[in-house]
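Colleague: Would you mind keeping the following structure in view while I ask a few things?
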Amino acid sequence: MSYAPAAGHPPAEHTTTGLNHRKLLMWVFLSSDCLFFGTLISTYLVYRGKSVVGPYPVDLLNIPYTTVSAFVLLMSSLTMVLALSAIQRGDLRGLRIWLFTTVLLGCVFLGGQVFEFTHFVQHGLTVKTNLFGSTFFALTGFHGLHVTVGVIWLLSLAGASFRGAVRQETSLDVELAGLYWHFVDIVWIVIFTVVYLVEAPNIV
Amino acid sequence: MATPGAGHEASHPSPAKYAAIAVILSVITAVEVWVVYVEALAGVLLPILAVLSITKFALVGMFYMHLKFDSRLFSAMFVGGIVLTVGIIIALMGLFQVFVD
């Protein structure tokens with residue numbers, strides 16, 4: 001069967017699946033990470049509204065503030081995919097610009113989360129205060145940890161690009177990091193709804 | 001052995017299309033935040049938020065993670081994990097009687 005790879009894409013792999021096994025492994029990992037966050041989200045939902053002492057979600061959660069954080073993370077997904085698009089075209093400068101922009105947006109998100117956590121602690125909510133505190137910090141904290149790992153990964157990719165280790169032919173390295181980054185973004189889409197929007201005053 | 005090329009991705013979208021998706025995602029996020037402040041929608045807020053959230057999730061998965069263009073095995077792998085996750089969430093909530101008044 002004749003096969004002509006699209007421009008900027010590696011040829012098909014000679015594997016039992018015909019797919020690149022690194023990419024397949026990344027999808028298996030992301031699938032398993034869904035379960036990880038699923039357990040944290042379950043725990044949050046199971047104990048939602050069961051705290052016997054305050055502060056309660058309605059006392060602390062700031063939807064406008066978190067909306068900005070959600071927007072920042074969404075835009076970081078755009079810059080990440082533009083970084084991949086750049087390296088697939090062989091545009092190394094574009095890759096670096098978009099990678100560093102993604103890192104910057106990731107750091108802004110993390111900074112916002114640190115500020116939010118600090119604000120909550122100052123208002124009496126810690127991981128030991130009540131069920132809301134325990135489940136909230138566990139869920140959003142592990143998400144923040146994922147973002148941190150993503151930032152480190154992207155910085156290492158940017159560093160590797162200066163050593164000539166990231167090229168058009170090895171764009172899969174950027175694609176794998178991108179898959180992880182987008183996954184972190186879609187997890188936040190769920191957390192933003194389940195934790196923040198659902199606590200809005202109009203929700204019964 | 002599978003046919004070489006099976007699962008090979010089609011050409012990815014252009015940067016302009018990626019930007020268009022970002023605009024759509026931003027608009028959906030704005031709508032999500034707007035609807036929570038509309039009292040008239042209070043009774044149907046949860047289904048509305050669920051649909052909007054799933055739409056954003058799907059857009060990122062399909063276009064930014066390229067599931068729309070890649071091998072269906074990747075989609076099956078990911079959707080399988082999501083289905084299992086949603087099942088576990090519902091089962092745990094049921095087990096802890098969250099759905100009981």
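Letters A, B, ... mark the chains of the structure tokens in the order given; residue numbers begin at 1 per chain; ligand numbers begin at 1, in order shown.
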Residues of range 58-203 of chain A classed as alpha helix (DSSP H) by DSSP on the backbone are to be reported as a PyMOL selection string.

Modeller: chain A and resi 58-60+63-88+92-122+131-162+171-191

Colleague: At a cut-off of 9 Å, using only C-alpha atoms, what residues contact Phe137 in chain A? Leave out same-chain residues fewer than 5 positions from it and give the result as a PyMOL selection string.

Modeller: chain A and resi 117+126-127+132+142

Colleague: Keeping only N, CA, C and O atoms, write the selected residues to a file as a PDB file, in the first residue's frame.

Modeller:
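And here is the file that came out, part33.pdb:
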```
ATOM      1  N   PHE A 117      -4.695  30.136  47.167  1.00  0.00           N
ATOM      2  CA  PHE A 117      -4.460  29.269  48.332  1.00  0.00           C
ATOM      3  C   PHE A 117      -4.086  30.112  49.557  1.00  0.00           C
ATOM      4  O   PHE A 117      -4.571  29.893  50.662  1.00  0.00           O
ATOM      5  N   THR A 126      -7.782  25.632  55.756  1.00  0.00           N
ATOM      6  CA  THR A 126      -6.590  24.842  55.472  1.00  0.00           C
ATOM      7  C   THR A 126      -7.047  23.435  55.094  1.00  0.00           C
ATOM      8  O   THR A 126      -8.247  23.140  55.104  1.00  0.00           O
ATOM      9  N   VAL A 127      -6.089  22.585  54.812  1.00  0.00           N
ATOM     10  CA  VAL A 127      -6.426  21.221  54.413  1.00  0.00           C
ATOM     11  C   VAL A 127      -7.063  20.448  55.573  1.00  0.00           C
ATOM     12  O   VAL A 127      -7.727  19.428  55.365  1.00  0.00           O
ATOM     13  N   PHE A 132     -14.519  20.509  53.037  1.00  0.00           N
ATOM     14  CA  PHE A 132     -14.309  21.356  51.851  1.00  0.00           C
ATOM     15  C   PHE A 132     -12.822  21.639  51.672  1.00  0.00           C
ATOM     16  O   PHE A 132     -12.277  21.506  50.575  1.00  0.00           O
ATOM     17  N   PHE A 142      -3.374  18.974  43.332  1.00  0.00           N
ATOM     18  CA  PHE A 142      -2.793  17.994  42.394  1.00  0.00           C
ATOM     19  C   PHE A 142      -2.850  18.510  40.958  1.00  0.00           C
ATOM     20  O   PHE A 142      -1.963  18.208  40.151  1.00  0.00           O
TER      21      PHE A 142
END
```

Colleague: Taking only C-alpha atoms into account, report as JSON, numbers by chain which residues of chain A lie within 7 Å of chain B.

Modeller: {"A": [3, 6, 12, 13, 14, 16, 17, 18, 19, 24, 27, 28, 31, 32, 34, 35, 38, 39, 42, 46, 71, 75, 78, 81, 82, 179, 182, 186, 189, 190, 193, 197, 200, 202, 203]}

Colleague: Can you pull out the residues contacting Thr135 in chain A? Cut-off 10 Å, using only C-alpha atoms, and skip same-chain residues under 3 positions away; I want them as a list in words.

Modeller: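 These residues fall inside the cut-off: Leu40, Ile41, Ser42, Thr43, Tyr44, Leu45, Val46, Tyr47, Arg48, Val127, Lys128, Asn130, Leu131, Phe132, Ala138, Leu139, Thr140 and Gly141 of chain A.
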
Colleague: Neighbouring residues of Gly124 in chain A were defined as those with any atom within 9 Å, considering only C-alpha atoms; residues of the same chain fewer than 5 positions away were excluded. Please report them as a PDB file with all heavy atoms, in the first residue's frame.

Modeller:
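Final output, selection-v7.pdb:
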```
ATOM      1  N   GLY A  54     -17.275  26.218  59.046  1.00  0.00           N
ATOM      2  CA  GLY A  54     -16.796  27.031  57.939  1.00  0.00           C
ATOM      3  C   GLY A  54     -15.280  27.172  57.969  1.00  0.00           C
ATOM      4  O   GLY A  54     -14.619  26.601  58.845  1.00  0.00           O
ATOM      5  N   PRO A  55     -14.755  27.890  57.015  1.00  0.00           N
ATOM      6  CA  PRO A  55     -15.461  28.591  55.947  1.00  0.00           C
ATOM      7  C   PRO A  55     -15.981  27.651  54.849  1.00  0.00           C
ATOM      8  O   PRO A  55     -15.371  26.607  54.591  1.00  0.00           O
ATOM      9  CB  PRO A  55     -14.402  29.547  55.386  1.00  0.00           C
ATOM     10  CG  PRO A  55     -13.096  29.018  55.812  1.00  0.00           C
ATOM     11  CD  PRO A  55     -13.303  28.192  57.028  1.00  0.00           C
ATOM     12  N   HIS A 119      -4.786  33.227  50.133  1.00  0.00           N
ATOM     13  CA  HIS A 119      -5.983  33.970  50.546  1.00  0.00           C
ATOM     14  C   HIS A 119      -6.905  33.072  51.389  1.00  0.00           C
ATOM     15  O   HIS A 119      -7.420  33.499  52.434  1.00  0.00           O
ATOM     16  CB  HIS A 119      -6.710  34.452  49.286  1.00  0.00           C
ATOM     17  CG  HIS A 119      -8.018  35.123  49.549  1.00  0.00           C
ATOM     18  ND1 HIS A 119      -8.110  36.404  50.033  1.00  0.00           N
ATOM     19  CD2 HIS A 119      -9.300  34.683  49.408  1.00  0.00           C
ATOM     20  CE1 HIS A 119      -9.382  36.731  50.166  1.00  0.00           C
ATOM     21  NE2 HIS A 119     -10.131  35.701  49.794  1.00  0.00           N
ATOM     22  N   THR A 129      -9.074  22.038  58.003  1.00  0.00           N
ATOM     23  CA  THR A 129     -10.188  22.790  58.606  1.00  0.00           C
ATOM     24  C   THR A 129     -11.506  22.018  58.545  1.00  0.00           C
ATOM     25  O   THR A 129     -12.198  21.846  59.536  1.00  0.00           O
ATOM     26  CB  THR A 129     -10.367  24.145  57.901  1.00  0.00           C
ATOM     27  OG1 THR A 129      -9.135  24.847  57.943  1.00  0.00           O
ATOM     28  CG2 THR A 129     -11.462  24.966  58.581  1.00  0.00           C
TER      29      THR A 129
END
```

Colleague: To one decimal in Å, tell me the separation between CA of Met62 in chain B and CA of Phe183 in chain A.

Modeller: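 These two atoms are separated by 11.7 Å.
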
Colleague: Using only C-alpha atoms, which residues sit within 10 Å of Gly112 in chain A once same-chain residues fewer than 2 positions away are excluded, as a PyMOL selection string?

Modeller: chain A and resi 65-66+68-69+72+106-110+114-118

Colleague: Do you have the CA of Met26 in chain A-CA of Tyr180 in chain A distance handy?

Modeller: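 Computing the Euclidean distance for CA of Met26 in chain A and CA of Tyr180 in chain A yields 7.9 Å.
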